>>> print(open('data35.cif').read())   # mmCIF, C-alpha atoms and all ligand atoms
data_protein
#
loop_
_atom_site.label_atom_id
_atom_site.label_comp_id
_atom_site.auth_asym_id
_atom_site.auth_seq_id
_atom_site.Cartn_x
_atom_site.Cartn_y
_atom_site.Cartn_z
CA MET A 912 0.00 0.00 0.00
CA GLN A 913 1.52 3.31 -1.08
CA THR A 914 0.81 6.32 1.03
CA THR A 915 1.80 9.83 0.09
CA ARG A 916 2.27 11.07 3.63
CA THR A 917 3.76 9.51 6.71
CA ASP A 918 1.64 9.11 9.77
CA TRP A 919 4.06 10.03 12.47
CA GLY A 920 4.80 8.42 15.75
CA ARG A 921 1.79 6.26 16.49
CA ARG A 922 0.47 2.79 15.99
CA GLN A 923 -1.98 2.48 13.13
CA PRO A 924 -5.50 1.39 14.05
CA PRO A 925 -5.27 -2.38 13.42
CA ILE A 926 -8.15 -2.64 10.96
CA GLY A 927 -8.91 -6.10 9.63
CA GLY A 928 -7.35 -8.06 12.48
CA SER A 929 -9.36 -9.55 15.30
CA SER A 930 -11.85 -7.19 16.92
CA PHE A 931 -9.83 -7.55 20.14
CA GLU A 932 -6.90 -5.63 18.67
CA LEU A 933 -9.14 -2.82 17.50
CA GLN A 934 -10.83 -2.64 20.89
CA ALA A 935 -7.44 -2.64 22.62
CA TRP A 936 -6.30 0.18 20.34
CA PHE A 937 -9.45 2.14 21.18
CA PHE A 938 -9.08 1.40 24.89
CA MET A 939 -5.56 2.95 24.88
CA ARG A 940 -7.05 6.21 23.58
CA VAL A 941 -10.01 6.29 25.97
CA SER A 942 -7.99 5.31 29.06
CA GLY A 943 -5.29 7.79 27.99
CA LEU A 944 -7.84 10.61 27.94
CA VAL A 945 -9.10 9.71 31.42
CA LEU A 946 -5.53 9.32 32.72
CA VAL A 947 -4.73 12.87 31.66
CA PHE A 948 -7.06 13.97 34.42
CA LEU A 949 -6.32 11.25 36.97
CA ALA A 950 -2.53 10.87 36.60
CA VAL A 951 -1.61 14.48 35.86
CA TRP A 952 -3.92 15.77 38.62
CA HIS A 953 -2.42 13.25 41.04
CA MET A 954 1.10 14.45 40.14
CA PHE A 955 0.12 18.10 40.68
CA ILE A 956 -1.54 17.44 44.05
CA MET A 957 1.44 15.44 45.36
CA HIS A 958 4.38 17.30 43.81
CA VAL A 959 3.27 20.88 43.11
CA PHE A 960 0.40 21.93 45.41
CA ASN A 961 1.94 19.87 48.21
CA ASP A 962 5.52 18.72 48.50
CA THR A 963 6.43 15.03 48.86
CA LEU A 964 8.83 16.06 51.64
CA ASN A 965 5.70 16.62 53.74
CA LEU A 966 4.20 13.27 52.79
CA ASP A 967 3.62 11.21 55.94
CA TYR A 968 1.21 8.71 57.48
CA GLU A 969 -1.12 11.51 58.59
CA PHE A 970 -1.38 12.93 55.05
CA VAL A 971 -2.53 9.63 53.56
CA ALA A 972 -4.82 8.80 56.48
CA ALA A 973 -6.52 12.20 56.20
CA ARG A 974 -6.91 11.80 52.44
CA TRP A 975 -8.44 8.35 52.72
CA GLU A 976 -10.94 9.55 55.31
CA THR A 977 -13.05 10.69 52.35
CA PRO A 978 -14.37 7.85 50.18
CA TYR A 979 -13.98 10.09 47.14
CA TRP A 980 -10.19 10.07 47.36
CA ARG A 981 -10.21 6.31 47.84
CA ALA A 982 -12.34 6.06 44.70
CA PHE A 983 -10.05 8.46 42.83
CA ASP A 984 -6.94 6.51 43.85
CA TRP A 985 -8.52 3.15 43.01
CA LEU A 986 -9.61 4.36 39.57
CA LEU A 987 -6.09 5.67 38.95
CA LEU A 988 -4.65 2.33 40.09
CA ALA A 989 -6.97 0.25 37.89
CA LEU A 990 -6.75 2.38 34.76
CA SER A 991 -2.99 2.95 34.83
CA LEU A 992 -2.37 -0.77 35.43
CA LEU A 993 -4.70 -1.76 32.57
CA HIS A 994 -3.34 0.90 30.21
CA GLY A 995 0.25 0.04 31.09
CA THR A 996 -0.32 -3.72 30.86
CA ASN A 997 -1.90 -3.45 27.43
CA GLY A 998 0.91 -1.11 26.35
CA LEU A 999 3.51 -3.62 27.52
CA ARG A 1000 1.62 -6.45 25.83
CA VAL A 1001 2.19 -4.64 22.53
CA VAL A 1002 5.83 -3.85 23.35
CA ILE A 1003 6.49 -7.54 24.14
CA HIS A 1004 4.69 -8.59 20.96
CA ASP A 1005 6.84 -6.22 18.89
CA ASN A 1006 10.17 -7.18 20.40
CA ILE A 1007 10.08 -10.92 21.09
CA ALA A 1008 9.93 -13.12 18.00
CA ASP A 1009 10.14 -16.55 19.63
CA LYS A 1010 6.59 -17.79 20.24
CA THR A 1011 7.36 -19.68 23.46
CA ILE A 1012 9.32 -16.85 25.05
CA LYS A 1013 6.65 -14.38 23.95
CA LYS A 1014 3.96 -16.47 25.65
CA LEU A 1015 6.07 -16.70 28.81
CA ALA A 1016 6.70 -12.96 28.85
CA HIS A 1017 3.01 -12.22 28.36
CA SER A 1018 2.04 -14.61 31.16
CA ALA A 1019 4.62 -13.06 33.49
CA LEU A 1020 3.25 -9.61 32.65
CA TYR A 1021 -0.38 -10.54 33.30
CA GLY A 1022 0.54 -12.35 36.52
CA THR A 1023 2.56 -9.38 37.79
CA SER A 1024 -0.19 -6.90 36.95
CA LEU A 1025 -2.83 -9.02 38.65
CA ILE A 1026 -0.78 -9.35 41.85
CA PHE A 1027 -0.11 -5.59 41.97
CA PHE A 1028 -3.75 -4.85 41.28
CA ILE A 1029 -4.74 -7.04 44.24
CA ILE A 1030 -2.10 -5.48 46.55
CA GLY A 1031 -3.12 -1.94 45.57
CA THR A 1032 -6.84 -2.60 45.84
CA TYR A 1033 -6.35 -4.26 49.22
CA ALA A 1034 -4.39 -1.26 50.53
CA ILE A 1035 -7.00 1.25 49.37
CA VAL A 1036 -10.01 -0.74 50.61
CA ALA A 1037 -8.65 -2.22 53.83
CA PHE A 1038 -6.72 0.76 55.23
CA VAL A 1039 -7.85 1.74 58.72
CA ARG A 1040 -6.14 4.58 60.57
CA GLN A 1041 -3.95 3.24 63.42
CA VAL A 1042 -3.16 6.52 65.17
CA MET B 1158 10.27 -8.50 -1.54
CA ALA B 1159 12.40 -5.63 -2.69
CA TYR B 1160 9.35 -3.96 -4.14
CA GLN B 1161 7.47 -4.34 -0.87
CA LYS B 1162 10.38 -2.86 0.96
CA ILE B 1163 10.34 0.32 -1.07
CA VAL B 1164 6.63 1.07 -0.77
CA SER B 1165 5.99 -0.38 2.69
CA THR B 1166 4.91 2.17 5.28
CA GLY B 1167 4.44 -0.50 7.93
CA SER B 1168 7.43 0.37 10.07
CA VAL B 1169 7.40 3.27 12.48
CA TYR B 1170 11.19 3.49 12.34
CA LYS B 1171 11.20 5.95 9.45
CA GLY B 1172 13.70 8.26 11.10
CA LYS B 1173 13.20 11.90 12.04
CA THR B 1174 10.68 13.38 14.46
CA GLY B 1175 7.94 10.78 14.16
CA MET B 1176 10.27 7.91 14.95
CA TRP B 1177 11.76 9.70 17.94
CA LEU B 1178 8.33 10.58 19.28
CA TYR B 1179 7.39 6.92 18.94
CA VAL B 1180 10.53 5.85 20.81
CA PHE B 1181 9.90 8.56 23.42
CA HIS B 1182 6.32 7.35 23.97
CA ARG B 1183 7.47 3.74 24.32
CA VAL B 1184 10.36 4.49 26.69
CA THR B 1185 8.26 6.75 28.95
CA GLY B 1186 5.35 4.27 28.88
CA VAL B 1187 7.52 1.33 29.97
CA GLY B 1188 9.35 3.51 32.51
CA LEU B 1189 6.11 4.76 34.04
CA PHE B 1190 4.81 1.21 34.34
CA GLY B 1191 7.97 0.19 36.21
CA TYR B 1192 7.65 3.15 38.54
CA LEU B 1193 3.95 2.36 39.06
CA LEU B 1194 4.82 -1.09 40.45
CA LEU B 1195 7.37 0.40 42.89
CA HIS B 1196 4.86 3.07 43.88
CA ILE B 1197 2.10 0.53 44.61
CA ILE B 1198 4.41 -1.37 46.98
CA SER B 1199 5.68 1.69 48.85
CA THR B 1200 2.14 3.05 49.25
CA ALA B 1201 0.72 -0.32 50.37
CA LEU B 1202 3.27 -0.26 53.23
CA ILE B 1203 0.86 2.19 54.90
CA LEU B 1204 -1.04 -0.90 56.07
CA LEU B 1205 1.92 -1.80 58.29
CA GLY B 1206 1.68 1.40 60.33
CA PRO B 1207 3.29 4.86 60.56
CA GLU B 1208 6.84 3.74 61.49
CA ILE B 1209 7.31 1.40 58.55
CA TYR B 1210 5.53 3.69 56.07
CA GLU B 1211 7.47 6.79 57.05
CA GLY B 1212 10.70 4.79 57.22
CA ALA B 1213 10.16 3.82 53.59
CA GLU B 1214 9.18 7.36 52.59
CA ALA B 1215 12.36 8.73 54.21
CA VAL B 1216 14.37 6.97 51.50
CA TYR B 1217 12.80 9.36 48.97
CA LYS B 1218 13.49 12.53 50.91
CA ASN B 1219 16.77 13.76 49.49
CA PHE B 1220 17.99 15.79 46.55
CA TYR B 1221 18.74 12.81 44.29
CA PHE B 1222 15.15 11.68 44.49
CA ARG B 1223 13.96 15.24 43.97
CA VAL B 1224 15.81 15.21 40.63
CA ALA B 1225 14.23 11.81 39.91
CA GLU B 1226 10.79 13.20 40.80
CA ILE B 1227 11.30 16.03 38.32
CA GLY B 1228 12.19 13.35 35.75
CA LEU B 1229 9.00 11.49 36.70
CA MET B 1230 7.03 14.69 36.16
CA ALA B 1231 8.68 15.11 32.75
CA ALA B 1232 7.81 11.51 31.82
CA VAL B 1233 4.15 11.83 32.89
CA LEU B 1234 3.66 15.24 31.24
CA GLY B 1235 5.55 14.22 28.10
CA HIS B 1236 3.72 10.89 27.72
CA ALA B 1237 0.37 12.55 28.44
CA ILE B 1238 0.80 15.45 26.01
CA ASN B 1239 2.32 13.23 23.32
CA GLY B 1240 -0.57 10.80 23.94
CA LEU B 1241 -3.03 13.65 23.36
CA ARG B 1242 -1.17 14.49 20.15
CA ILE B 1243 -1.49 10.87 19.00
CA ILE B 1244 -5.21 10.86 19.81
CA THR B 1245 -5.64 14.14 17.91
CA VAL B 1246 -3.95 12.72 14.81
CA ASP B 1247 -6.16 9.62 15.06
CA LEU B 1248 -9.52 11.27 15.61
CA TRP B 1249 -9.29 14.61 13.81
CA SER B 1250 -9.89 14.09 10.09
CA LYS B 1251 -7.30 16.73 9.16
CA GLY B 1252 -4.90 15.58 11.90
CA SER B 1253 -2.31 13.96 9.65
CA ASP B 1254 -2.10 17.12 7.47
CA PHE B 1255 -0.93 19.19 10.43
CA GLN B 1256 1.53 16.86 12.13
CA LYS B 1257 4.43 19.33 12.10
CA GLN B 1258 2.25 22.02 13.67
CA LEU B 1259 0.87 19.53 16.22
CA ASN B 1260 4.42 18.57 17.19
CA PHE B 1261 5.31 22.19 17.88
CA VAL B 1262 2.10 22.86 19.79
CA SER B 1263 2.74 19.75 21.92
CA LEU B 1264 6.29 20.81 22.70
CA PHE B 1265 5.08 24.30 23.56
CA ILE B 1266 2.36 23.02 25.93
CA PHE B 1267 4.89 20.68 27.53
CA LEU B 1268 7.37 23.48 28.22
CA VAL B 1269 4.70 25.90 29.48
CA ILE B 1270 3.65 23.35 32.12
CA PHE B 1271 6.99 21.69 32.83
CA ILE B 1272 9.19 24.77 33.41
CA PRO B 1273 7.14 26.39 36.22
CA THR B 1274 6.59 22.94 37.73
CA THR B 1275 10.34 22.29 37.85
CA TYR B 1276 10.87 25.73 39.37
CA LYS B 1277 8.34 25.04 42.13
CA MET B 1278 9.68 21.54 42.86
CA THR B 1279 13.24 22.86 43.12
CA THR B 1280 12.65 25.98 45.23
CA SER B 1281 10.19 24.17 47.50
CA TYR B 1282 12.81 21.46 48.15
CA PHE B 1283 15.37 23.96 49.45
CA ASP B 1284 12.83 26.05 51.36
CA LEU B 1285 11.56 22.99 53.24
CA CYS B 1286 15.03 21.53 53.76
CA LEU B 1287 16.36 24.75 55.31
CA GLU B 1288 13.21 25.21 57.39
CA LYS B 1289 13.12 21.68 58.79
CA SER B 1290 16.82 20.96 59.29
CA SER B 1291 18.83 21.94 62.35
CA SER B 1292 20.19 25.50 62.28
CA GLY B 1293 23.43 26.01 60.38
CA THR B 1294 22.32 23.74 57.53
CA THR B 1295 23.31 25.19 54.17
CA VAL B 1296 21.98 24.76 50.65
CA VAL B 1297 24.99 22.57 49.89
CA ASP B 1298 24.10 20.32 52.85
CA CYS B 1299 20.63 19.97 51.40
CA ILE B 1300 22.13 18.71 48.15
CA ILE B 1301 24.83 16.34 49.36
CA ARG B 1302 23.30 14.76 52.44
CA PRO B 1303 21.81 11.39 51.52
CA ILE B 1304 19.11 11.66 54.16
CA PRO B 1305 18.77 15.08 55.82
CA ASP B 1306 18.04 15.25 59.50
CA TRP B 1307 14.36 15.96 59.25
CA LYS B 1308 11.60 13.49 59.95
C1 LIG C 1 -1.32 10.60 31.49
C2 LIG C 1 -2.08 10.32 30.46
C3 LIG C 1 -1.73 9.25 29.41
C4 LIG C 1 -2.06 9.36 28.10
C5 LIG C 1 -2.83 10.50 27.41
C6 LIG C 1 -1.57 8.16 27.44
C7 LIG C 1 -1.77 7.88 26.10
C8 LIG C 1 -1.31 6.76 25.47
C9 LIG C 1 -1.65 6.36 24.11
C10 LIG C 1 -2.62 7.11 23.20
C11 LIG C 1 -0.96 5.22 23.85
C12 LIG C 1 -1.04 4.40 22.55
C13 LIG C 1 0.07 4.74 21.62
C14 LIG C 1 -0.04 3.99 20.33
O1 LIG C 1 -0.89 3.09 20.19
O2 LIG C 1 0.75 4.32 19.43
C15 LIG C 1 -0.17 4.90 25.01
C16 LIG C 1 0.72 3.85 25.10
C17 LIG C 1 1.32 3.44 26.27
N1 LIG C 1 1.17 3.99 27.53
FE1 LIG C 1 0.13 5.67 27.93
N2 LIG C 1 -0.93 7.37 28.37
C18 LIG C 1 -1.01 7.99 29.60
C19 LIG C 1 -0.50 7.51 30.80
C20 LIG C 1 0.24 6.32 30.96
C21 LIG C 1 0.71 5.79 32.22
C22 LIG C 1 0.46 6.39 33.61
C23 LIG C 1 1.43 4.65 31.92
C24 LIG C 1 2.15 3.71 32.87
C25 LIG C 1 1.50 2.86 33.62
C26 LIG C 1 1.40 4.47 30.47
C27 LIG C 1 2.00 3.43 29.78
C28 LIG C 1 1.91 3.23 28.42
C29 LIG C 1 2.59 2.18 27.70
C30 LIG C 1 3.52 1.12 28.30
C31 LIG C 1 2.23 2.31 26.34
C32 LIG C 1 2.69 1.45 25.15
C33 LIG C 1 3.74 2.19 24.36
C34 LIG C 1 3.94 1.63 22.97
O3 LIG C 1 3.16 0.80 22.49
O4 LIG C 1 4.91 2.06 22.35
N3 LIG C 1 0.67 5.50 29.92
N4 LIG C 1 -0.38 5.86 26.00
#
>>> encode(input="data35.cif", output="structure tokens", more="lines below")
Ligand code: HEM
Amino acid sequence: MQTTRTDWGRRQPPIGGSSFELQAWFFMRVSGLVLVFLAVWHMFIMHVFNDTLNLDYEFVAARWETPYWRAFDWLLLALSLLHGTNGLRVVIHDNIADKTIKKLAHSALYGTSLIFFIIGTYAIVAFVRQV
Amino acid sequence: MAYQKIVSTGSVYKGKTGMWLYVFHRVTGVGLFGYLLLHIISTALILLGPEIYEGAEAVYKNFYFRVAEIGLMAAVLGHAINGLRIITVDLWSKGSDFQKQLNFVSLFIFLVIFIPTTYKMTTSYFDLCLEKSSSGTTVVDCIIRPIPDWK
């Protein structure tokens, strides 16, 4: 297929493959848009409006007293893990040719993401102030 | 095969800006994912109580990590703004006609947000370090001490 212009710096929408690939492609764009608010806002709260030098137990405990911040943090956890895991799935696919090693790498990725999702969710849901 | 090679536009490694933006997006994406895993662990330590959580946080409270945090900010802002650029090219029907302009706009937006942010993160580090450390502490102390003597 001859194109007269180059489409710079992005993956092409995988038209014609399985519908999963197209949905994954679309998911990266939708989750990216939501992460602009969640991840960038999170960075500004922690690093610009506050300073991480002041970050202590009390700061987190006070934040998680409101269910809204727990919801915000959990959404950020879930979306960034999903977005990052799907991104890495593509990176692994692009860079590992051997089918067996590719399968192993993908399984390791999914396993790791699942464990971290459980740890993060558990921390956000189960946290009870001790002092 | 040779014919396909000449007309193929399948590869993103075409050189120039587009290729480097692609590499940039990939490197920051993978880097952010790695940092995310570390961040989930260090935040989950809050379940083990104030001593352990603040003991872990203390590792981050020095100038080397402040530089790393500014790098983290650059990665998040850069990946986010470049991601918005990618989404614009994908969804706007004229997007691929204005890629050069979009690249410049993205860089401009990045700098407008990143420069004041870096300024705040740097000045705030020294202000807090001098305020919280024992008297006689200098700016140089704040830079070279691995873990300053604040809580
Ligand atoms: C802050 C807002 C964010 C936006 C707007 C965004 C946007 C995007 C977009 C549109 C893609 C797809 C690129 C393509 O298909 O060519 C992508 C890829 C990716 N993103 Fe994000 N993202 C954001 C945050 C994050 C975060 C927090 C992480 C880390 C967990 C991350 C990790 C990745 C990875 C690993 C890829 C795959 C890179 C590749 O295939 O080359 N992103 N991002």
>>> atom_distance(input="data35.cif", atom1="atom CA of Lys1277 of chain B", atom2="atom CA of Val1180 of chain B")
28.8 Å
>>> interface_residues(input="data35.cif", of="chain B", to="chain A", cutoff="6 Å", atoms="only C-alpha atoms", output="list in words")
Val1164, Gly1175, Met1176, Leu1178, Tyr1179, Phe1190, Ile1197, Ala1201, Leu1204, Pro1207, Glu1211 and Lys1218 of chain B
>>> residues_around(input="data35.cif", residues="Val1036 of chain A", least_positions_apart="4", cutoff="10 Å", atoms="all atoms listed in the file", output="list in words")
Trp975, Pro978, Arg981, Ala982, Trp985, Gly1031 and Thr1032 of chain A
>>> closest_residue(input="data35.cif", among="A:Ala973, A:Ser930, A:Leu993, A:Asp984", to="ligand LIG 1 (chain C)", atoms="only C-alpha atoms and all ligand atoms")
A:Leu993
>>> residues_around(input="data35.cif", residues="Glu1288 of chain B", least_positions_apart="3", cutoff="12 Å", atoms="all atoms listed in the file", output="compact mmCIF listing (two decimals) with C-alpha atoms, in the frame of the given file")
# COMPACT_ATOMS: atom_id res chain seq x y z
CA LEU A 964 8.83 16.06 51.64
CA ASN A 965 5.70 16.62 53.74
CA SER B 1281 10.19 24.17 47.50
CA TYR B 1282 12.81 21.46 48.15
CA PHE B 1283 15.37 23.96 49.45
CA ASP B 1284 12.83 26.05 51.36
CA LEU B 1285 11.56 22.99 53.24
CA SER B 1291 18.83 21.94 62.35
CA SER B 1292 20.19 25.50 62.28
CA GLY B 1293 23.43 26.01 60.38
CA THR B 1294 22.32 23.74 57.53
CA THR B 1295 23.31 25.19 54.17
CA VAL B 1296 21.98 24.76 50.65
CA CYS B 1299 20.63 19.97 51.40
CA PRO B 1305 18.77 15.08 55.82
CA ASP B 1306 18.04 15.25 59.50
CA TRP B 1307 14.36 15.96 59.25
>>> residues_around(input="data35.cif", residues="segment 1256-1260 of chain B", least_positions_apart="2", cutoff="9 Å", atoms="all atoms listed in the file", output="PDB file with C-alpha atoms, in the frame of the given file")
ATOM      1  CA  ASP A 918       1.640   9.110   9.770  1.00  0.00           C
ATOM      2  CA  TRP A 919       4.060  10.030  12.470  1.00  0.00           C
TER       3      TRP A 919
ATOM      4  CA  THR B1174      10.680  13.380  14.460  1.00  0.00           C
ATOM      5  CA  ASN B1239       2.320  13.230  23.320  1.00  0.00           C
ATOM      6  CA  ARG B1242      -1.170  14.490  20.150  1.00  0.00           C
ATOM      7  CA  THR B1245      -5.640  14.140  17.910  1.00  0.00           C
ATOM      8  CA  VAL B1246      -3.950  12.720  14.810  1.00  0.00           C
ATOM      9  CA  GLY B1252      -4.900  15.580  11.900  1.00  0.00           C
ATOM     10  CA  SER B1253      -2.310  13.960   9.650  1.00  0.00           C
ATOM     11  CA  ASP B1254      -2.100  17.120   7.470  1.00  0.00           C
ATOM     12  CA  VAL B1262       2.100  22.860  19.790  1.00  0.00           C
ATOM     13  CA  SER B1263       2.740  19.750  21.920  1.00  0.00           C
ATOM     14  CA  LEU B1264       6.290  20.810  22.700  1.00  0.00           C
ATOM     15  CA  PHE B1265       5.080  24.300  23.560  1.00  0.00           C
TER      16      PHE B1265
END
>>> atom_distance(input="data35.cif", atom1="atom CA of Ile1238 of chain B", atom2="atom CA of Phe983 of chain A")
21.2 Å
>>> closest_atom_pairs(input="data35.cif", of="chain B", to="ligand LIG 1 (chain C)", cutoff="10 Å", atoms="all atoms listed in the file", output="Markdown table")
| residue | atom | partner | partner_atom | distance |
| --- | --- | --- | --- | --- |
| B:Val1169 | CA | C:LIG1 | O2 | 9.7 |
| B:Leu1178 | CA | C:LIG1 | O4 | 9.7 |
| B:Tyr1179 | CA | C:LIG1 | O4 | 6.4 |
| B:Val1180 | CA | C:LIG1 | O4 | 7.0 |
| B:Phe1181 | CA | C:LIG1 | O4 | 8.3 |
| B:His1182 | CA | C:LIG1 | O4 | 5.7 |
| B:Arg1183 | CA | C:LIG1 | O4 | 3.6 |
| B:Val1184 | CA | C:LIG1 | O4 | 7.4 |
| B:Thr1185 | CA | C:LIG1 | C27 | 7.1 |
| B:Gly1186 | CA | C:LIG1 | C27 | 3.6 |
| B:Val1187 | CA | C:LIG1 | C30 | 4.3 |
| B:Gly1188 | CA | C:LIG1 | C24 | 7.2 |
| B:Leu1189 | CA | C:LIG1 | C24 | 4.3 |
| B:Phe1190 | CA | C:LIG1 | C25 | 3.8 |
| B:Gly1191 | CA | C:LIG1 | C25 | 7.5 |
| B:Tyr1192 | CA | C:LIG1 | C25 | 7.9 |
| B:Leu1193 | CA | C:LIG1 | C25 | 6.0 |
| B:Leu1194 | CA | C:LIG1 | C25 | 8.6 |
| B:Ala1232 | CA | C:LIG1 | C21 | 9.1 |
| B:Val1233 | CA | C:LIG1 | C1 | 5.8 |
| B:Leu1234 | CA | C:LIG1 | C1 | 6.8 |
| B:Gly1235 | CA | C:LIG1 | C1 | 8.5 |
| B:His1236 | CA | C:LIG1 | C18 | 5.9 |
| B:Ala1237 | CA | C:LIG1 | C2 | 3.9 |
| B:Ile1238 | CA | C:LIG1 | C5 | 6.3 |
| B:Asn1239 | CA | C:LIG1 | C5 | 7.1 |
| B:Gly1240 | CA | C:LIG1 | C7 | 3.8 |
| B:Leu1241 | CA | C:LIG1 | C5 | 5.1 |
| B:Arg1242 | CA | C:LIG1 | C10 | 8.1 |
| B:Ile1243 | CA | C:LIG1 | C10 | 5.7 |
| B:Ile1244 | CA | C:LIG1 | C10 | 5.7 |
| B:Thr1245 | CA | C:LIG1 | C10 | 9.3 |
| B:Asp1247 | CA | C:LIG1 | C10 | 9.2 |
>>> atom_distance(input="data35.cif", atom1="atom CA of Glu1226 of chain B", atom2="atom CA of Met957 of chain A")
10.6 Å
>>> closest_residue(input="data35.cif", among="B:Lys1173, B:Ile1198, B:Leu1229, B:Phe1267", to="Ile1029 of chain A", atoms="all atoms listed in the file")
B:Ile1198
>>> closest_residue(input="data35.cif", among="A:His953, A:Arg1000, A:Arg974, A:Lys1013", to="Glu932 of chain A", atoms="all atoms listed in the file")
A:Arg1000
>>> axis_aligned_box(input="data35.cif", around="segment 979-990 of chain A", padding_each_side="5 Å", output="lines of an AutoDock Vina configuration file")
center_x = -9.3
center_y = 5.2
center_z = 41.3
size_x = 19.3
size_y = 19.8
size_z = 23.1
